[in-house]
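A.B. asks: The structure is given below, and queries will be raised subsequently.
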Amino acid sequence: MNTEHQNSIALIGYGEVGQRFAADLHQAGLRDITAWDRLFDAPDSPPSRSAARANHICVAHGMAAAVKDRSLIISAVTADECVAAAREAAATIAPGARYLDLNSVAPETTLAAAQAFEASGACYIEAAIMAPIAPKGLASPVWVGGPHAEAFVPQARALGLTGLEFFDAVLGKASAAKMCRSVMIKGLEALLAESLLAARYHGVEASVLASLCDLLPCDDWDATARYMISRSLLHGRRRSEEMREAAKAVTDAGLDPWMSTACAQRQAWAAKHGESLPHESLVSLLDAVLGEMHRKPHTREQA
């Protein structure tokens, strides 16, 4: 690799994770950063070129231009694009470069993405983000795995990724942990939405929330429910794709992924009601979604 690019970074995917990483990396003093997102050219798209430039990021004109001579490529696309992005990046990536795959996918998908780099001389590292990215950004807890992961941790921490921890040298283990966690976390989001929308319709939401504390202690179930339902409304499409990957991990274990599949459907449904945001209270949020459902009655049964 060209020595003048030893501290260079490419961000592939410029959604919530990419934008937060870009801002944090720039604040940490890193200046040689490029970004590419296939939606850069789409009008009114969240991963816009203007958002990248606002974070002082060089906007690439394609995958090849983004990853060429970069020492670290951080992939944060959607789950269904994980393997395609890896294969496209592998065609241009420099030998010795590190490809940090932050995408939430099943172990078998991780292995398929890693396979793309076998002939490139690059180092593929799987990464599982184990908490929402917004509160801590680069310092978020991330479990990394694969044969190159342990050596990468001190290098990553030096760049500001202080939450990275080595998980396992076997590829797919970190992804499996992430997917099994997602069955719980994304499933809880879906359960809260379904339970409380129905409860609000029947006028019993306060009683339902109060009853949860008997079995699942929480300082503020109202705020927790509002936060989780809002996340589904805002990121439901991405979450539904993640839960389809979780279903693969469950299937690999010999189980029928009934809960994961249902969660994927509810998350996809939630994405269609994102216009209900923002609302400061749980009740007003529930009322907004219910009102939208009544205006579009057929959406209730559509994923």
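Ordering of the structure tokens sets the chain letters (A, B, ...), residue numbers begin anew at 1 in every chain, and ligands are numbered from 1 in the order given.
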Set the distance at 10 Å and use only C-alpha atoms: which residues neighbour region 61-68 of chain A once local chain neighbours fewer than 3 positions away are removed? I'd like the list as number ranges by chain.
C.D. replies: A: 1, 5, 8-12, 33-38, 40-41, 58, 71-74, 85, 88-94, 97, 99
A.B. asks: Deliver the residues from the most recent selection as a file, using N, CA and C atoms, as an mmCIF file, in the first residue's frame.
C.D. replies:
```cif
data_model
loop_
_atom_site.group_PDB
_atom_site.id
_atom_site.type_symbol
_atom_site.label_atom_id
_atom_site.label_comp_id
_atom_site.auth_asym_id
_atom_site.auth_seq_id
_atom_site.Cartn_x
_atom_site.Cartn_y
_atom_site.Cartn_z
ATOM 1 N N MET A 1 0.832 -1.189 0.000
ATOM 2 C CA MET A 1 0.000 0.000 0.000
ATOM 3 C C MET A 1 0.870 1.244 0.000
ATOM 4 N N HIS A 5 -0.887 6.886 2.300
ATOM 5 C CA HIS A 5 -2.290 6.632 2.622
ATOM 6 C C HIS A 5 -2.447 5.718 3.833
ATOM 7 N N SER A 8 -5.601 6.566 5.992
ATOM 8 C CA SER A 8 -6.750 6.969 5.184
ATOM 9 C C SER A 8 -7.930 6.040 5.426
ATOM 10 N N ILE A 9 -9.124 6.606 5.340
ATOM 11 C CA ILE A 9 -10.341 5.862 5.669
ATOM 12 C C ILE A 9 -11.387 6.067 4.586
ATOM 13 N N ALA A 10 -12.112 5.001 4.269
ATOM 14 C CA ALA A 10 -13.269 5.094 3.385
ATOM 15 C C ALA A 10 -14.495 4.614 4.143
ATOM 16 N N LEU A 11 -15.574 5.378 4.046
ATOM 17 C CA LEU A 11 -16.848 4.997 4.644
ATOM 18 C C LEU A 11 -17.776 4.541 3.528
ATOM 19 N N ILE A 12 -18.194 3.296 3.567
ATOM 20 C CA ILE A 12 -19.115 2.757 2.569
ATOM 21 C C ILE A 12 -20.485 2.649 3.220
ATOM 22 N N ILE A 33 -10.474 11.245 4.632
ATOM 23 C CA ILE A 33 -11.652 10.383 4.686
ATOM 24 C C ILE A 33 -12.489 10.575 3.427
ATOM 25 N N THR A 34 -12.849 9.465 2.794
ATOM 26 C CA THR A 34 -13.767 9.508 1.662
ATOM 27 C C THR A 34 -15.042 8.757 2.028
ATOM 28 N N ALA A 35 -16.101 9.002 1.291
ATOM 29 C CA ALA A 35 -17.365 8.310 1.541
ATOM 30 C C ALA A 35 -18.044 7.995 0.225
ATOM 31 N N TRP A 36 -18.736 6.860 0.221
ATOM 32 C CA TRP A 36 -19.543 6.491 -0.941
ATOM 33 C C TRP A 36 -20.820 5.828 -0.464
ATOM 34 N N ASP A 37 -21.917 6.237 -1.045
ATOM 35 C CA ASP A 37 -23.217 5.620 -0.805
ATOM 36 C C ASP A 37 -23.959 5.604 -2.125
ATOM 37 N N ARG A 38 -24.577 4.492 -2.448
ATOM 38 C CA ARG A 38 -25.255 4.400 -3.740
ATOM 39 C C ARG A 38 -26.444 5.356 -3.831
ATOM 40 N N PHE A 40 -26.254 8.531 -2.874
ATOM 41 C CA PHE A 40 -25.780 9.911 -2.945
ATOM 42 C C PHE A 40 -26.479 10.704 -4.044
ATOM 43 N N ASP A 41 -26.777 10.033 -5.148
ATOM 44 C CA ASP A 41 -27.383 10.735 -6.276
ATOM 45 C C ASP A 41 -28.906 10.768 -6.226
ATOM 46 N N CYS A 58 -14.599 13.809 1.857
ATOM 47 C CA CYS A 58 -14.479 13.827 0.404
ATOM 48 C C CYS A 58 -15.482 12.844 -0.190
ATOM 49 N N SER A 71 -6.456 2.692 3.651
ATOM 50 C CA SER A 71 -5.911 1.712 4.587
ATOM 51 C C SER A 71 -7.008 1.047 5.419
ATOM 52 N N LEU A 72 -8.126 1.746 5.602
ATOM 53 C CA LEU A 72 -9.247 1.197 6.368
ATOM 54 C C LEU A 72 -10.548 1.526 5.652
ATOM 55 N N ILE A 73 -11.324 0.494 5.360
ATOM 56 C CA ILE A 73 -12.645 0.672 4.766
ATOM 57 C C ILE A 73 -13.666 0.225 5.804
ATOM 58 N N ILE A 74 -14.607 1.108 6.129
ATOM 59 C CA ILE A 74 -15.653 0.807 7.096
ATOM 60 C C ILE A 74 -16.961 0.675 6.336
ATOM 61 N N ALA A 85 -21.710 -5.245 -1.445
ATOM 62 C CA ALA A 85 -20.742 -4.184 -1.163
ATOM 63 C C ALA A 85 -19.344 -4.758 -0.977
ATOM 64 N N GLU A 88 -17.887 -5.775 -4.354
ATOM 65 C CA GLU A 88 -17.506 -4.620 -5.166
ATOM 66 C C GLU A 88 -16.240 -3.970 -4.616
ATOM 67 N N ALA A 89 -16.141 -3.865 -3.301
ATOM 68 C CA ALA A 89 -14.955 -3.264 -2.693
ATOM 69 C C ALA A 89 -13.719 -4.136 -2.911
ATOM 70 N N ALA A 90 -13.890 -5.457 -2.863
ATOM 71 C CA ALA A 90 -12.761 -6.380 -3.005
ATOM 72 C C ALA A 90 -12.083 -6.268 -4.364
ATOM 73 N N ALA A 91 -12.815 -5.793 -5.351
ATOM 74 C CA ALA A 91 -12.242 -5.680 -6.689
ATOM 75 C C ALA A 91 -11.196 -4.583 -6.786
ATOM 76 N N THR A 92 -11.210 -3.646 -5.841
ATOM 77 C CA THR A 92 -10.298 -2.490 -5.916
ATOM 78 C C THR A 92 -9.450 -2.320 -4.670
ATOM 79 N N ILE A 93 -9.792 -2.974 -3.585
ATOM 80 C CA ILE A 93 -9.120 -2.752 -2.310
ATOM 81 C C ILE A 93 -7.635 -3.067 -2.405
ATOM 82 N N ALA A 94 -6.822 -2.313 -1.687
ATOM 83 C CA ALA A 94 -5.370 -2.500 -1.717
ATOM 84 C C ALA A 94 -4.954 -3.666 -0.826
ATOM 85 N N ALA A 97 -4.942 -3.693 3.234
ATOM 86 C CA ALA A 97 -5.984 -2.827 3.789
ATOM 87 C C ALA A 97 -6.904 -3.635 4.687
ATOM 88 N N TYR A 99 -10.806 -4.212 6.064
ATOM 89 C CA TYR A 99 -12.210 -4.002 5.722
ATOM 90 C C TYR A 99 -13.031 -4.332 6.954
#
```
A.B. asks: Any idea what's packed within 9 Å of region 254-265 of chain A, counting only C-alpha atoms, ignoring anything in its chain fewer than 4 positions away? Could you give it as a ChimeraX atom specification?
C.D. replies: /A:182-183,186-191,236-237,239-250,269-270,302-303
A.B. asks: Restricting it to N, CA and C atoms, dump the selection as a PDB file, in the first residue's frame.
C.D. replies:
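Written out: part-v2.pdb:
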```pdb
ATOM      1  N   SER A 182     -30.333  -9.434  18.714  1.00  0.00           N
ATOM      2  CA  SER A 182     -31.352  -8.716  17.958  1.00  0.00           C
ATOM      3  C   SER A 182     -32.720  -9.369  18.078  1.00  0.00           C
ATOM      4  N   VAL A 183     -32.743 -10.703  18.192  1.00  0.00           N
ATOM      5  CA  VAL A 183     -34.023 -11.387  18.387  1.00  0.00           C
ATOM      6  C   VAL A 183     -34.728 -10.801  19.614  1.00  0.00           C
ATOM      7  N   LYS A 186     -34.810  -6.157  18.991  1.00  0.00           N
ATOM      8  CA  LYS A 186     -35.746  -5.751  17.941  1.00  0.00           C
ATOM      9  C   LYS A 186     -37.109  -6.400  18.166  1.00  0.00           C
ATOM     10  N   GLY A 187     -37.096  -7.596  18.751  1.00  0.00           N
ATOM     11  CA  GLY A 187     -38.353  -8.240  19.084  1.00  0.00           C
ATOM     12  C   GLY A 187     -39.118  -7.464  20.141  1.00  0.00           C
ATOM     13  N   LEU A 188     -38.408  -6.920  21.128  1.00  0.00           N
ATOM     14  CA  LEU A 188     -39.059  -6.117  22.161  1.00  0.00           C
ATOM     15  C   LEU A 188     -39.661  -4.849  21.568  1.00  0.00           C
ATOM     16  N   GLU A 189     -38.946  -4.240  20.624  1.00  0.00           N
ATOM     17  CA  GLU A 189     -39.501  -3.069  19.938  1.00  0.00           C
ATOM     18  C   GLU A 189     -40.823  -3.411  19.258  1.00  0.00           C
ATOM     19  N   ALA A 190     -40.817  -4.537  18.537  1.00  0.00           N
ATOM     20  CA  ALA A 190     -42.024  -4.947  17.818  1.00  0.00           C
ATOM     21  C   ALA A 190     -43.150  -5.289  18.787  1.00  0.00           C
ATOM     22  N   LEU A 191     -42.835  -5.967  19.888  1.00  0.00           N
ATOM     23  CA  LEU A 191     -43.851  -6.324  20.868  1.00  0.00           C
ATOM     24  C   LEU A 191     -44.457  -5.090  21.520  1.00  0.00           C
ATOM     25  N   GLY A 236     -37.258   1.191  10.659  1.00  0.00           N
ATOM     26  CA  GLY A 236     -37.919  -0.095  10.480  1.00  0.00           C
ATOM     27  C   GLY A 236     -37.445  -0.893   9.285  1.00  0.00           C
ATOM     28  N   ARG A 237     -37.174  -0.216   8.181  1.00  0.00           N
ATOM     29  CA  ARG A 237     -36.736  -0.943   6.989  1.00  0.00           C
ATOM     30  C   ARG A 237     -35.412  -1.664   7.261  1.00  0.00           C
ATOM     31  N   ARG A 239     -34.180  -2.432  10.153  1.00  0.00           N
ATOM     32  CA  ARG A 239     -34.371  -3.428  11.179  1.00  0.00           C
ATOM     33  C   ARG A 239     -35.043  -4.683  10.612  1.00  0.00           C
ATOM     34  N   SER A 240     -35.969  -4.521   9.690  1.00  0.00           N
ATOM     35  CA  SER A 240     -36.622  -5.696   9.110  1.00  0.00           C
ATOM     36  C   SER A 240     -35.622  -6.548   8.342  1.00  0.00           C
ATOM     37  N   GLU A 241     -34.680  -5.898   7.646  1.00  0.00           N
ATOM     38  CA  GLU A 241     -33.645  -6.651   6.938  1.00  0.00           C
ATOM     39  C   GLU A 241     -32.732  -7.370   7.928  1.00  0.00           C
ATOM     40  N   GLU A 242     -32.416  -6.695   9.017  1.00  0.00           N
ATOM     41  CA  GLU A 242     -31.588  -7.324  10.051  1.00  0.00           C
ATOM     42  C   GLU A 242     -32.281  -8.549  10.642  1.00  0.00           C
ATOM     43  N   MET A 243     -33.600  -8.444  10.845  1.00  0.00           N
ATOM     44  CA  MET A 243     -34.313  -9.567  11.444  1.00  0.00           C
ATOM     45  C   MET A 243     -34.475 -10.735  10.478  1.00  0.00           C
ATOM     46  N   ARG A 244     -34.446 -10.474   9.197  1.00  0.00           N
ATOM     47  CA  ARG A 244     -34.421 -11.582   8.234  1.00  0.00           C
ATOM     48  C   ARG A 244     -33.086 -12.314   8.324  1.00  0.00           C
ATOM     49  N   GLU A 245     -32.021 -11.549   8.595  1.00  0.00           N
ATOM     50  CA  GLU A 245     -30.720 -12.176   8.821  1.00  0.00           C
ATOM     51  C   GLU A 245     -30.729 -12.959  10.142  1.00  0.00           C
ATOM     52  N   ALA A 246     -31.368 -12.394  11.158  1.00  0.00           N
ATOM     53  CA  ALA A 246     -31.478 -13.104  12.437  1.00  0.00           C
ATOM     54  C   ALA A 246     -32.219 -14.417  12.253  1.00  0.00           C
ATOM     55  N   ALA A 247     -33.246 -14.402  11.397  1.00  0.00           N
ATOM     56  CA  ALA A 247     -34.001 -15.627  11.129  1.00  0.00           C
ATOM     57  C   ALA A 247     -33.101 -16.700  10.530  1.00  0.00           C
ATOM     58  N   LYS A 248     -32.136 -16.294   9.698  1.00  0.00           N
ATOM     59  CA  LYS A 248     -31.180 -17.259   9.146  1.00  0.00           C
ATOM     60  C   LYS A 248     -30.349 -17.896  10.264  1.00  0.00           C
ATOM     61  N   ALA A 249     -29.901 -17.060  11.211  1.00  0.00           N
ATOM     62  CA  ALA A 249     -29.097 -17.576  12.317  1.00  0.00           C
ATOM     63  C   ALA A 249     -29.900 -18.544  13.174  1.00  0.00           C
ATOM     64  N   VAL A 250     -31.169 -18.232  13.390  1.00  0.00           N
ATOM     65  CA  VAL A 250     -32.037 -19.122  14.159  1.00  0.00           C
ATOM     66  C   VAL A 250     -32.257 -20.436  13.407  1.00  0.00           C
ATOM     67  N   TRP A 269     -43.513  -3.010   8.685  1.00  0.00           N
ATOM     68  CA  TRP A 269     -44.772  -2.271   8.814  1.00  0.00           C
ATOM     69  C   TRP A 269     -44.527  -0.918   9.469  1.00  0.00           C
ATOM     70  N   ALA A 270     -43.720  -0.897  10.529  1.00  0.00           N
ATOM     71  CA  ALA A 270     -43.443   0.351  11.249  1.00  0.00           C
ATOM     72  C   ALA A 270     -42.792   1.387  10.347  1.00  0.00           C
ATOM     73  N   GLN A 302     -50.282  -4.999   6.112  1.00  0.00           N
ATOM     74  CA  GLN A 302     -49.235  -5.112   5.095  1.00  0.00           C
ATOM     75  C   GLN A 302     -47.866  -4.980   5.738  1.00  0.00           C
ATOM     76  N   ALA A 303     -46.953  -5.863   5.385  1.00  0.00           N
ATOM     77  CA  ALA A 303     -45.563  -5.736   5.829  1.00  0.00           C
ATOM     78  C   ALA A 303     -44.808  -5.016   4.776  1.00  0.00           C
TER      79      ALA A 303
END
```
A.B. asks: Which residue gives the smallest distance to Ala112 (chain A) among A:Ala23, A:Ala84, A:Ala54, A:Ile133, with only C-alpha atoms counted?
C.D. replies: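 Closest residue, counting only C-alpha atoms: A:Ala84.
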A.B. asks: Considering only C-alpha atoms, give me a table of residues in region 149-238 of chain A that are at most 10 Å from region 272-291 of chain A, with the closest atom pair and distance in Å for each, as CSV.
C.D. replies:
```
residue,atom,partner,partner_atom,distance
A:Ala193,CA,A:Leu286,CA,8.5
A:Leu196,CA,A:Leu286,CA,7.6
A:Leu197,CA,A:Leu286,CA,5.9
A:Ala198,CA,A:Leu290,CA,9.1
A:Ala199,CA,A:Leu286,CA,9.6
A:Arg200,CA,A:Leu286,CA,6.9
A:Tyr201,CA,A:Leu290,CA,7.7
A:Glu205,CA,A:Val283,CA,8.4
A:Ala206,CA,A:Val283,CA,9.3
A:Trp221,CA,A:Leu282,CA,10.0
A:Asp222,CA,A:Leu282,CA,6.4
A:Ala223,CA,A:Leu282,CA,7.1
A:Thr224,CA,A:Leu282,CA,9.2
A:Ala225,CA,A:Leu282,CA,7.2
A:Arg226,CA,A:Leu282,CA,4.9
A:Tyr227,CA,A:Leu282,CA,8.5
A:Ile229,CA,A:Leu285,CA,8.8
A:Ser230,CA,A:Leu277,CA,7.2
A:Arg231,CA,A:Gly274,CA,9.4
A:Ser232,CA,A:Gly274,CA,8.3
A:Leu233,CA,A:Gly274,CA,4.6
A:Leu234,CA,A:Gly274,CA,5.5
A:His235,CA,A:Gly274,CA,8.4
A:Gly236,CA,A:Lys272,CA,8.0
A:Arg237,CA,A:Lys272,CA,8.5
```
A.B. asks: Select from region 47-270 of chain A everything DSSP, run on the backbone, classes as strand (DSSP E or B), then give the selection as number ranges by chain.
C.D. replies: A: 58-59, 72-75, 98-101, 123-129, 142-145, 164-168
A.B. asks: Pull C-alpha atoms from the residues just selected and write them as a PDB file, in the first residue's frame.
C.D. replies:
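As written to disk, selection-v2.pdb reads:
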```pdb
ATOM      1  CA  CYS A  58     -14.479  13.827   0.404  1.00  0.00           C
ATOM      2  CA  VAL A  59     -17.360  12.487  -1.684  1.00  0.00           C
ATOM      3  CA  LEU A  72      -9.247   1.197   6.368  1.00  0.00           C
ATOM      4  CA  ILE A  73     -12.645   0.672   4.766  1.00  0.00           C
ATOM      5  CA  ILE A  74     -15.653   0.807   7.096  1.00  0.00           C
ATOM      6  CA  SER A  75     -18.749  -0.793   5.612  1.00  0.00           C
ATOM      7  CA  ARG A  98      -8.522  -3.619   6.500  1.00  0.00           C
ATOM      8  CA  TYR A  99     -12.210  -4.002   5.722  1.00  0.00           C
ATOM      9  CA  LEU A 100     -14.312  -3.471   8.860  1.00  0.00           C
ATOM     10  CA  ASP A 101     -17.781  -4.895   8.202  1.00  0.00           C
ATOM     11  CA  CYS A 123      -7.914  -8.171   5.932  1.00  0.00           C
ATOM     12  CA  TYR A 124     -11.612  -8.774   6.512  1.00  0.00           C
ATOM     13  CA  ILE A 125     -12.855  -8.064  10.060  1.00  0.00           C
ATOM     14  CA  GLU A 126     -16.422  -8.731  11.139  1.00  0.00           C
ATOM     15  CA  ALA A 127     -17.864  -6.249  13.605  1.00  0.00           C
ATOM     16  CA  ALA A 128     -21.036  -6.385  15.693  1.00  0.00           C
ATOM     17  CA  ILE A 129     -22.320  -3.079  17.063  1.00  0.00           C
ATOM     18  CA  VAL A 142     -18.323  -3.195  19.048  1.00  0.00           C
ATOM     19  CA  TRP A 143     -17.306  -6.860  19.088  1.00  0.00           C
ATOM     20  CA  VAL A 144     -14.868  -7.793  16.333  1.00  0.00           C
ATOM     21  CA  GLY A 145     -14.043 -11.234  15.045  1.00  0.00           C
ATOM     22  CA  LEU A 164     -13.836  -2.197  20.135  1.00  0.00           C
ATOM     23  CA  GLU A 165     -13.292  -5.538  21.827  1.00  0.00           C
ATOM     24  CA  PHE A 166     -11.906  -8.748  20.385  1.00  0.00           C
ATOM     25  CA  PHE A 167     -14.601 -11.432  20.461  1.00  0.00           C
ATOM     26  CA  ASP A 168     -13.396 -14.527  18.596  1.00  0.00           C
TER      27      ASP A 168
END
```
A.B. asks: For Gly160 (chain A), which residue among A:Leu25, A:Cys218, A:Ala52, A:Leu212 is the nearest when counting only C-alpha atoms?
C.D. replies: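 Nearest to Gly160 (chain A): A:Leu25.
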A.B. asks: Check the DSSP output for the backbone and give back, as a list in words, the residues of region 45-94 of chain A in alpha helix (DSSP H).
C.D. replies: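 Assigned to alpha helix (DSSP H), within region 45-94 of chain A: Arg49, Ser50, Ala51, Ala52, Arg53, Ala54, Met63, Ala64, Ala65, Ala66, Val67, Cys82, Val83, Ala84, Ala85, Ala86, Arg87, Glu88, Ala89 and Ala90 of chain A.
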A.B. asks: Suppose we keep N, CA and C atoms; can you now write the selection as a short mmCIF file (atom, residue, chain, number, x, y, z; two decimals), in the first residue's frame?
C.D. replies:
```cif
data_model
loop_
_atom_site.label_atom_id
_atom_site.label_comp_id
_atom_site.auth_asym_id
_atom_site.auth_seq_id
_atom_site.Cartn_x
_atom_site.Cartn_y
_atom_site.Cartn_z
N ARG A 49 -24.88 13.92 -0.51
CA ARG A 49 -23.53 14.47 -0.68
C ARG A 49 -23.33 15.69 0.22
N SER A 50 -24.37 16.48 0.38
CA SER A 50 -24.24 17.68 1.21
C SER A 50 -23.97 17.32 2.66
N ALA A 51 -24.59 16.21 3.15
CA ALA A 51 -24.32 15.76 4.51
C ALA A 51 -22.87 15.34 4.67
N ALA A 52 -22.32 14.68 3.65
CA ALA A 52 -20.92 14.28 3.71
C ALA A 52 -20.00 15.50 3.73
N ARG A 53 -20.29 16.43 2.88
CA ARG A 53 -19.44 17.63 2.81
C ARG A 53 -19.53 18.45 4.10
N ALA A 54 -20.70 18.42 4.74
CA ALA A 54 -20.86 19.14 6.00
C ALA A 54 -19.94 18.57 7.07
N MET A 63 -17.70 3.21 -5.86
CA MET A 63 -17.02 2.34 -4.91
C MET A 63 -15.51 2.27 -5.17
N ALA A 64 -15.13 2.11 -6.42
CA ALA A 64 -13.70 1.96 -6.75
C ALA A 64 -12.91 3.17 -6.31
N ALA A 65 -13.45 4.36 -6.57
CA ALA A 65 -12.75 5.58 -6.17
C ALA A 65 -12.70 5.73 -4.66
N ALA A 66 -13.73 5.25 -3.98
CA ALA A 66 -13.78 5.39 -2.53
C ALA A 66 -12.74 4.53 -1.83
N VAL A 67 -12.55 3.29 -2.29
CA VAL A 67 -11.68 2.36 -1.56
C VAL A 67 -10.24 2.33 -2.06
N CYS A 82 -24.86 -6.20 2.15
CA CYS A 82 -23.57 -6.51 2.77
C CYS A 82 -22.63 -7.25 1.82
N VAL A 83 -23.08 -8.35 1.25
CA VAL A 83 -22.22 -9.17 0.41
C VAL A 83 -21.90 -8.46 -0.90
N ALA A 84 -22.89 -7.80 -1.50
CA ALA A 84 -22.65 -7.08 -2.75
C ALA A 84 -21.63 -5.97 -2.56
N ALA A 85 -21.71 -5.25 -1.45
CA ALA A 85 -20.74 -4.18 -1.16
C ALA A 85 -19.34 -4.76 -0.98
N ALA A 86 -19.25 -5.88 -0.27
CA ALA A 86 -17.95 -6.52 -0.05
C ALA A 86 -17.32 -6.96 -1.37
N ARG A 87 -18.10 -7.56 -2.22
CA ARG A 87 -17.57 -8.03 -3.51
C ARG A 87 -17.13 -6.86 -4.38
N GLU A 88 -17.89 -5.77 -4.35
CA GLU A 88 -17.51 -4.62 -5.17
C GLU A 88 -16.24 -3.97 -4.62
N ALA A 89 -16.14 -3.86 -3.30
CA ALA A 89 -14.95 -3.26 -2.69
C ALA A 89 -13.72 -4.14 -2.91
N ALA A 90 -13.89 -5.46 -2.86
CA ALA A 90 -12.76 -6.38 -3.01
C ALA A 90 -12.08 -6.27 -4.36
#
```
A.B. asks: Set the distance at 10 Å and use only C-alpha atoms: which residues neighbour Asp252 (chain A) once local chain neighbours fewer than 6 positions away are removed? I'd like the list as a list in words.
C.D. replies: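 Contacts, with the query itself left out: Ala106, Pro107, Glu108 and Ala246 of chain A.
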A.B. asks: Keeping only N, CA and C atoms, write the selected residues as a short mmCIF file (atom, residue, chain, number, x, y, z; two decimals), in the first residue's frame.
C.D. replies:
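As written to disk, again_19.cif reads:
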```cif
data_model
loop_
_atom_site.label_atom_id
_atom_site.label_comp_id
_atom_site.auth_asym_id
_atom_site.auth_seq_id
_atom_site.Cartn_x
_atom_site.Cartn_y
_atom_site.Cartn_z
N ALA A 106 -26.36 -12.45 9.42
CA ALA A 106 -26.18 -13.80 9.94
C ALA A 106 -24.76 -14.29 9.70
N PRO A 107 -24.30 -15.26 10.48
CA PRO A 107 -22.96 -15.80 10.28
C PRO A 107 -22.69 -16.24 8.85
N GLU A 108 -23.66 -16.89 8.20
CA GLU A 108 -23.43 -17.36 6.83
C GLU A 108 -23.23 -16.19 5.87
N ALA A 246 -31.37 -12.39 11.16
CA ALA A 246 -31.48 -13.10 12.44
C ALA A 246 -32.22 -14.42 12.25
#
```
